[in-house]
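*Asks:* My structure is below; once you've seen it, I'll send some questions.
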Amino acid sequence: MHVNIYMSERPDFNGASHLAISISPPIPESKRRRMSSHPLSFTPLRRIPTNTLPLPPPPPPSPTSNLHRTPSSRTYIPSHVYKHPSAILLELCTSMKELHQFIPLIIKNGLYSEHLFQTKLVSLFCKFGSLHEAARVFQPIEDKIDELYHTMLKGYARNSSLDDAVSFFCRMRYDGVRPVVYNFTYLLKVCGDNADLRKGKEIHCQLIVNGFASNVFAMTGVVNMYAKCRLVEEAYKMFDRMPERDLVCWNTIISGYAQNGFGKTALELVLRMQEEGKRPDSITIVSILPAVADVGSLRIGRSIHGYSMRAGFESFVNVSTALVDMYSKCGSVGTARLIFDRMTGKTVVSWNSMIDGYVQNGDPGAAMEIFQKMMDEQVEMTNVTVMGALHACADLGDVEQGRFVHKLLDQLELGSDVSVMNSLISMYSKCKRVDIAAEIFENLQHKTLVSWNAMILGYAQNGRINEAIDYFCKMQLQNIKPDSFTMVSVIPALAELSVLPQAKWIHGLVIRTCLDKNVFVATALVDMYAKCGAVHTARKLFDMMDERHVTTWNAMIDGYGTHGLGKAALELFEKMKKEVIKPNEVTFLCVLSACSHSGLVEEGFQYFGSMKKDYGLEPAMDHYGAMVDLLGRANRLNEAWDFIQKMPIEPAISVFGAMLGACRIHKNVELGEKAANRIFDLDPDDGGYHVLLANIYATASMWDKVARVRTTMEKKGIQKTPGWSVVELQNEVHTFYSGTTSHPQAKKIYAFLETLGNRIKAAGYMPDTNSVHDVEDVVKEQLLNSHSEKLAIAFSLLNTSPGTTIHLRKNLRVCGDCHNATKYISLVTKREIIVRDMRRFHHFKDGTCSCGDYW
DNA sequence: CGAGTGACAA
């Protein structure tokens, strides 16, 4: 190392070692340090070093030179002419190790007691992050110059806690050091970074007391501090009061608005700054582009892009990266890619933005390609990269790629990053591997709220409702307060359970945690109440909301639809249009399904047409499926089949599935076979549709064909989804499967069903034995009687007091016989029975059903 | 000496 050689040769320092100090004027009494803790407090404050070398004449001041700043009481030394040797040496230090090597040499040269050296040393220790060593140098110095304090304060502000910085500032004041403006700028920055408003305000006061209230630097710091504490209004007040405002100050207030979600105001301020003759620089652009993304205006984005090009900012990596981000957030991922490809010297942030851009635009495959390319080019990744890649794997549902990224974590030493671990939990959950997600979650050392949320959502989305609710309770036992995300995960799980008391419980909890005003949470509640059969409660909640999202309207419309209240659904849709809420694809899906459940065929067609004509929404597969369902249920099967033939896109399984379902209802074997064949071409192994086809044959007494379907299923090992029904009783959820005998009350239930059977037969019920074959009529009846739905109803009747409404939920569609039987049961027992099946609600009352036998 | 791009869970 050349520096060491230089030192060992004992160079000639030209005697300029302490020029700044030796010619300084005497220290006024008022500035003397209190050194009560030091036994030598009476020693002269500024001793002249004993190893003084002969002084050269002071160099002439040069007006153009970069001035070496010292307090005004001392002489300015142009740095290019003169530099303190210890300063030169220390400037060559690039690491803590080198610094430690230098110190003995400097002590040996007798420079340790020089102020410039001391200050430089403190500064370097701070720079390398060792405040402890900096303080060890600082503490014993007897005659501390102001700069030493300022340097030490800077160190505390940059490396340590805000408390340490502030208390050091107090000590500095106590020691009689006069604060300079950059003491405040550093402190304000820490207050801002910590969002510590209380301390920020104190510093602000101190700043005023010390006469910096009109200083641009200080006040920019104040503006920034308030903005970072989320008080943009206050920040603007300070900004507005400033007598003069430079570019940095404008940038500060603009990014303040942008970062607090006021993109529009930020953009307006850019216009105003230009009116005041300030040209936006690259930092203005980088600050404003996220605001453009926030507003989502491609037009404004393009004009800012144009400005940047004219101003020559294109070559700045950060500007280009911000452009990539802006374009992809405005939905123009192609343009983002063009800019990305043209960039030279991409940073990891650029790569990350491109990956996230593709993920946000629903192209996880392209995101993974970029990720692959990044690995090929050996760009060093960050946790953000990995999170983006995991998100893409999750959207692809590709566990293998997800596992690959997971393995990469250990090499990157990101295995301890909570955010990354949370992304892993989400990825595995979305890839249907909740088991792995749960393992990661259990092993996670410092679980955050987000970890819990990800885990709860994972369970909820994988149908493991009980675990979702379990974890929700567990997290509260660990004193972790749920937020809106938790609620939005757990409420749909309860909606799936369809149990009213639990619904009310979570609603209460939402109110107690003050989350009831959150649109997403409130929407989830509306949806949940509708799915629990309490559609009117849902509507009350809907009406009480101050703010409604499209999804809120969708939930309510769908709620009416599944309850067979087609008219109410359409009225609400019209109201939505009047309130100028733009319906989306999902809205139309809800509307069409509402029409379908209520037999409103003409209305359905009208809305289907309006979708593209009035709203420019291209019908997707599900919309075609809904139309086939609409025609099919209304027994217009031939029209439905024609409709499928005329579809502009290749019909998928769901469309033929709707057709097959309609054929089952209306007992049409010919079209049913056609639809089934198309389904089995597309997916030969679906259990549900095989059963549906078998049922069609059974209804038509085509037993040989029934047998053929059954054989095919057995050969291929296709499983029929077992039917289940659930009811809630005194905070316990009871699940019944067909023919179950394991329930503690099983004997009682079957006995009760027998007497009940006689009662409803007396009222006119005829068991639909047609759909069962090969066995005696008595056995047929027994088979029908063991359907999960009847078991659940019997159980509820046995265990609730007369007059109580019965709610039950089943996974498949209600079968014809159960539907008919339930009508009679509601009549003879004078009970209201609400059944939620796979598709809709059935309200049984006084011998009729709300679906009007139309399901 | 003050300003600045990406960011986990719906």
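Residue numbering restarts at 1 for every chain of the structure tokens, chains are lettered A, B, ... in their displayed order, and ligands are numbered from 1 as they appear.
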What are the closest atom pairs, with distances in Å to one decimal, for all residues of chain A lying within 7 Å of chain B? Consider only C-alpha atoms (C1' of nucleotides), order rows by chain and residue number, and present the result as JSON lines.
*Replies:*
```
{"residue": "A:Tyr182", "atom": "CA", "partner": "B:DC1", "partner_atom": "C1'", "distance": 4.6}
{"residue": "A:Thr185", "atom": "CA", "partner": "B:DC1", "partner_atom": "C1'", "distance": 6.5}
{"residue": "A:Phe217", "atom": "CA", "partner": "B:DG2", "partner_atom": "C1'", "distance": 4.7}
{"residue": "A:Ala218", "atom": "CA", "partner": "B:DG2", "partner_atom": "C1'", "distance": 6.7}
{"residue": "A:Thr220", "atom": "CA", "partner": "B:DG2", "partner_atom": "C1'", "distance": 5.2}
{"residue": "A:Gly221", "atom": "CA", "partner": "B:DG2", "partner_atom": "C1'", "distance": 5.3}
{"residue": "A:Val248", "atom": "CA", "partner": "B:DA3", "partner_atom": "C1'", "distance": 5.0}
{"residue": "A:Cys249", "atom": "CA", "partner": "B:DA3", "partner_atom": "C1'", "distance": 6.6}
{"residue": "A:Asn251", "atom": "CA", "partner": "B:DA3", "partner_atom": "C1'", "distance": 5.1}
{"residue": "A:Thr252", "atom": "CA", "partner": "B:DA3", "partner_atom": "C1'", "distance": 4.5}
{"residue": "A:Ile283", "atom": "CA", "partner": "B:DG4", "partner_atom": "C1'", "distance": 5.0}
{"residue": "A:Val286", "atom": "CA", "partner": "B:DG4", "partner_atom": "C1'", "distance": 5.8}
{"residue": "A:Ser287", "atom": "CA", "partner": "B:DG4", "partner_atom": "C1'", "distance": 5.7}
{"residue": "A:Asn318", "atom": "CA", "partner": "B:DT5", "partner_atom": "C1'", "distance": 5.2}
{"residue": "A:Val319", "atom": "CA", "partner": "B:DT5", "partner_atom": "C1'", "distance": 6.8}
{"residue": "A:Thr321", "atom": "CA", "partner": "B:DT5", "partner_atom": "C1'", "distance": 5.9}
{"residue": "A:Ala322", "atom": "CA", "partner": "B:DT5", "partner_atom": "C1'", "distance": 4.7}
{"residue": "A:Val349", "atom": "CA", "partner": "B:DG6", "partner_atom": "C1'", "distance": 5.3}
{"residue": "A:Asn352", "atom": "CA", "partner": "B:DG6", "partner_atom": "C1'", "distance": 6.1}
{"residue": "A:Ser353", "atom": "CA", "partner": "B:DG6", "partner_atom": "C1'", "distance": 5.5}
{"residue": "A:Val384", "atom": "CA", "partner": "B:DA7", "partner_atom": "C1'", "distance": 6.1}
{"residue": "A:Ser419", "atom": "CA", "partner": "B:DC8", "partner_atom": "C1'", "distance": 4.7}
{"residue": "A:Val420", "atom": "CA", "partner": "B:DC8", "partner_atom": "C1'", "distance": 6.7}
{"residue": "A:Asn422", "atom": "CA", "partner": "B:DC8", "partner_atom": "C1'", "distance": 6.0}
{"residue": "A:Ser423", "atom": "CA", "partner": "B:DC8", "partner_atom": "C1'", "distance": 5.7}
{"residue": "A:Val450", "atom": "CA", "partner": "B:DA9", "partner_atom": "C1'", "distance": 5.3}
{"residue": "A:Asn453", "atom": "CA", "partner": "B:DA9", "partner_atom": "C1'", "distance": 5.6}
{"residue": "A:Ala454", "atom": "CA", "partner": "B:DA9", "partner_atom": "C1'", "distance": 5.1}
{"residue": "A:Phe485", "atom": "CA", "partner": "B:DA10", "partner_atom": "C1'", "distance": 6.0}
{"residue": "A:Val488", "atom": "CA", "partner": "B:DA10", "partner_atom": "C1'", "distance": 6.3}
```
*Asks:* Enumerate, as a PyMOL selection string, the complete set of residues in stretch 680-843 of chain A that a backbone-based DSSP assignment places in alpha helix (DSSP H).
*Replies:* chain A and resi 680-682+687-699+703-716+746-762+777-785+788-799+816-829
*Asks:* Fewer than 4 positions away in the same chain doesn't count, so skip those; otherwise give me all residues within 7 Å of stretch 781-797 of chain A, counting only C-alpha atoms (C1' of nucleotides), as an MDAnalysis selection string.
*Replies:* chainID A and resid 723:727 736:739 749 752:753 767 769 777 806 818
*Asks:* Could you please take those selected residues and save all heavy atoms as a CSV table (one decimal), in the first residue's frame?
*Replies:*
```
chain,number,residue,atom,x,y,z
A,723,GLY,N,-71.0,-35.7,-0.9
A,723,GLY,CA,-71.9,-34.6,-0.5
A,723,GLY,C,-71.9,-34.4,1.0
A,723,GLY,O,-71.8,-35.3,1.8
A,724,TRP,N,-71.9,-33.1,1.4
A,724,TRP,CA,-71.9,-32.8,2.8
A,724,TRP,C,-72.8,-31.7,3.1
A,724,TRP,O,-73.1,-30.8,2.2
A,724,TRP,CB,-70.6,-32.6,3.5
A,724,TRP,CG,-69.7,-31.6,2.8
A,724,TRP,CD1,-68.6,-31.9,2.1
A,724,TRP,CD2,-69.7,-30.2,2.9
A,724,TRP,NE1,-68.0,-30.7,1.6
A,724,TRP,CE2,-68.7,-29.7,2.1
A,724,TRP,CE3,-70.6,-29.3,3.5
A,724,TRP,CZ2,-68.4,-28.3,1.9
A,724,TRP,CZ3,-70.4,-27.9,3.3
A,724,TRP,CH2,-69.3,-27.4,2.6
A,725,SER,N,-73.4,-31.6,4.3
A,725,SER,CA,-74.2,-30.5,4.7
A,725,SER,C,-73.7,-30.1,6.1
A,725,SER,O,-73.3,-30.9,6.9
A,725,SER,CB,-75.6,-30.8,4.8
A,725,SER,OG,-76.1,-31.2,3.6
A,726,VAL,N,-73.7,-28.8,6.4
A,726,VAL,CA,-73.3,-28.3,7.7
A,726,VAL,C,-74.4,-27.5,8.4
A,726,VAL,O,-75.1,-26.7,7.7
A,726,VAL,CB,-71.9,-27.5,7.7
A,726,VAL,CG1,-70.8,-28.4,7.4
A,726,VAL,CG2,-72.0,-26.3,6.8
A,727,VAL,N,-74.5,-27.6,9.7
A,727,VAL,CA,-75.4,-26.8,10.4
A,727,VAL,C,-74.7,-26.3,11.7
A,727,VAL,O,-73.8,-27.0,12.2
A,727,VAL,CB,-76.7,-27.4,10.9
A,727,VAL,CG1,-77.7,-27.5,9.7
A,727,VAL,CG2,-76.5,-28.8,11.5
A,736,PHE,N,-72.5,-33.2,8.2
A,736,PHE,CA,-73.1,-34.5,7.9
A,736,PHE,C,-72.7,-34.9,6.5
A,736,PHE,O,-72.8,-34.1,5.5
A,736,PHE,CB,-74.6,-34.4,8.0
A,736,PHE,CG,-75.1,-34.1,9.4
A,736,PHE,CD1,-75.2,-32.8,9.8
A,736,PHE,CD2,-75.3,-35.2,10.3
A,736,PHE,CE1,-75.7,-32.6,11.1
A,736,PHE,CE2,-75.8,-34.9,11.6
A,736,PHE,CZ,-75.9,-33.6,12.0
A,737,TYR,N,-72.3,-36.2,6.3
A,737,TYR,CA,-72.1,-36.8,5.0
A,737,TYR,C,-73.3,-37.7,4.7
A,737,TYR,O,-74.0,-38.2,5.6
A,737,TYR,CB,-70.8,-37.5,5.0
A,737,TYR,CG,-69.6,-36.6,5.2
A,737,TYR,CD1,-69.1,-36.4,6.4
A,737,TYR,CD2,-69.0,-36.0,4.1
A,737,TYR,CE1,-68.0,-35.5,6.6
A,737,TYR,CE2,-67.9,-35.1,4.2
A,737,TYR,CZ,-67.4,-34.9,5.5
A,737,TYR,OH,-66.4,-34.1,5.6
A,738,SER,N,-73.4,-38.1,3.4
A,738,SER,CA,-74.5,-39.0,3.1
A,738,SER,C,-74.3,-40.3,3.8
A,738,SER,O,-73.2,-40.9,3.8
A,738,SER,CB,-74.4,-39.3,1.6
A,738,SER,OG,-75.1,-38.3,0.9
A,739,GLY,N,-75.4,-40.8,4.4
A,739,GLY,CA,-75.3,-42.1,5.1
A,739,GLY,C,-74.5,-42.2,6.3
A,739,GLY,O,-74.1,-43.3,6.8
A,749,ILE,N,-81.6,-39.5,14.9
A,749,ILE,CA,-81.9,-38.8,13.6
A,749,ILE,C,-82.6,-39.7,12.7
A,749,ILE,O,-83.6,-39.3,12.1
A,749,ILE,CB,-80.6,-38.2,13.0
A,749,ILE,CG1,-80.0,-37.1,13.9
A,749,ILE,CG2,-80.8,-37.7,11.6
A,749,ILE,CD1,-78.6,-36.7,13.5
A,752,PHE,N,-86.1,-40.4,13.7
A,752,PHE,CA,-86.9,-39.2,13.5
A,752,PHE,C,-87.3,-39.0,12.1
A,752,PHE,O,-88.4,-38.7,11.7
A,752,PHE,CB,-86.2,-37.9,14.1
A,752,PHE,CG,-86.9,-36.7,13.9
A,752,PHE,CD1,-88.1,-36.4,14.7
A,752,PHE,CD2,-86.6,-35.7,13.0
A,752,PHE,CE1,-88.8,-35.2,14.5
A,752,PHE,CE2,-87.3,-34.5,12.8
A,752,PHE,CZ,-88.4,-34.3,13.6
A,753,LEU,N,-86.3,-39.3,11.2
A,753,LEU,CA,-86.5,-39.1,9.8
A,753,LEU,C,-87.7,-40.1,9.3
A,753,LEU,O,-88.4,-39.8,8.4
A,753,LEU,CB,-85.3,-39.4,9.0
A,753,LEU,CG,-84.4,-38.2,8.7
A,753,LEU,CD1,-83.1,-38.6,8.0
A,753,LEU,CD2,-85.1,-37.2,7.8
A,767,PRO,N,-91.8,-39.9,-2.6
A,767,PRO,CA,-90.3,-40.0,-2.8
A,767,PRO,C,-90.0,-40.2,-4.2
A,767,PRO,O,-90.7,-40.9,-5.0
A,767,PRO,CB,-90.0,-41.3,-2.0
A,767,PRO,CG,-91.1,-41.5,-1.1
A,767,PRO,CD,-92.3,-40.9,-1.8
A,769,THR,N,-88.3,-42.0,-6.3
A,769,THR,CA,-87.5,-43.2,-6.4
A,769,THR,C,-87.0,-43.5,-7.8
A,769,THR,O,-86.2,-44.4,-8.0
A,769,THR,CB,-88.3,-44.4,-5.9
A,769,THR,OG1,-89.6,-44.3,-6.5
A,769,THR,CG2,-88.5,-44.4,-4.4
A,777,ASP,N,-88.0,-50.8,-3.4
A,777,ASP,CA,-88.5,-49.4,-3.1
A,777,ASP,C,-88.1,-49.0,-1.7
A,777,ASP,O,-87.8,-47.8,-1.5
A,777,ASP,CB,-90.0,-49.4,-3.3
A,777,ASP,CG,-90.3,-49.0,-4.8
A,777,ASP,OD1,-89.3,-49.0,-5.6
A,777,ASP,OD2,-91.5,-48.8,-5.1
A,806,ILE,N,-84.2,-22.7,10.4
A,806,ILE,CA,-83.0,-23.6,10.2
A,806,ILE,C,-82.2,-23.1,9.1
A,806,ILE,O,-82.7,-22.8,8.0
A,806,ILE,CB,-83.5,-25.0,10.0
A,806,ILE,CG1,-84.2,-25.5,11.3
A,806,ILE,CG2,-82.3,-25.9,9.6
A,806,ILE,CD1,-84.9,-26.8,11.1
A,818,CYS,N,-84.6,-34.1,-2.3
A,818,CYS,CA,-84.4,-33.4,-1.1
A,818,CYS,C,-85.2,-32.0,-1.1
A,818,CYS,O,-85.8,-31.6,-0.2
A,818,CYS,CB,-82.9,-33.1,-0.8
A,818,CYS,SG,-82.1,-34.5,-0.2
```
*Asks:* Quick one: pull the distance between atom CA of A:Glu467 and atom CA of A:Gln745, Å, one decimal.
*Replies:* 25.6 Å
*Asks:* Choose the residue, out of A:Ser850, A:Thr486, A:Thr829, A:Asn811, that has the smallest atom-to-atom separation from A:Leu565; count only C-alpha atoms.
*Replies:*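 Closest to A:Leu565 of all the choices is A:Ser850.
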*Asks:* For A:Ala662, work out the shell of residues within 8 Å, counting only C-alpha atoms (C1' of nucleotides) and skipping chain neighbours fewer than 5 positions away, then give it as a list in words.
*Replies:*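 Once the adjacent positions are removed, what remains is Asp629, Gly632, Arg633, Asn635 and Leu637 of chain A.
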*Asks:* Could you check how far atom CA of A:Leu515 sits from atom CA of A:Gln502, in Å to one decimal?
*Replies:* 17.3 Å
*Asks:* May I have the residues within 6 Å of stretch 291-306 of chain A as JSON, numbers by chain, using only C-alpha atoms (C1' of nucleotides) and disregarding those fewer than 5 positions away in the same chain?
*Replies:* {"A": [258, 263, 326, 329, 330]}
*Asks:* Restricting the output to C-alpha atoms, write the selected residues as a PDB file, in the first residue's frame.
*Replies:*
```pdb
ATOM      1  CA  ALA A 258     -46.511  12.429  -3.761  1.00  0.00           C
ATOM      2  CA  GLY A 263     -50.526  12.581  -6.466  1.00  0.00           C
ATOM      3  CA  MET A 326     -44.777   4.482 -14.018  1.00  0.00           C
ATOM      4  CA  LYS A 329     -48.403   0.911 -13.139  1.00  0.00           C
ATOM      5  CA  CYS A 330     -50.426   2.770 -15.768  1.00  0.00           C
TER       6      CYS A 330
END
```
*Asks:* Determine the nearest neighbour of A:Asn518 from the options A:His391, A:His549, A:His446, A:Lys432, counting only C-alpha atoms.
*Replies:* A:His549
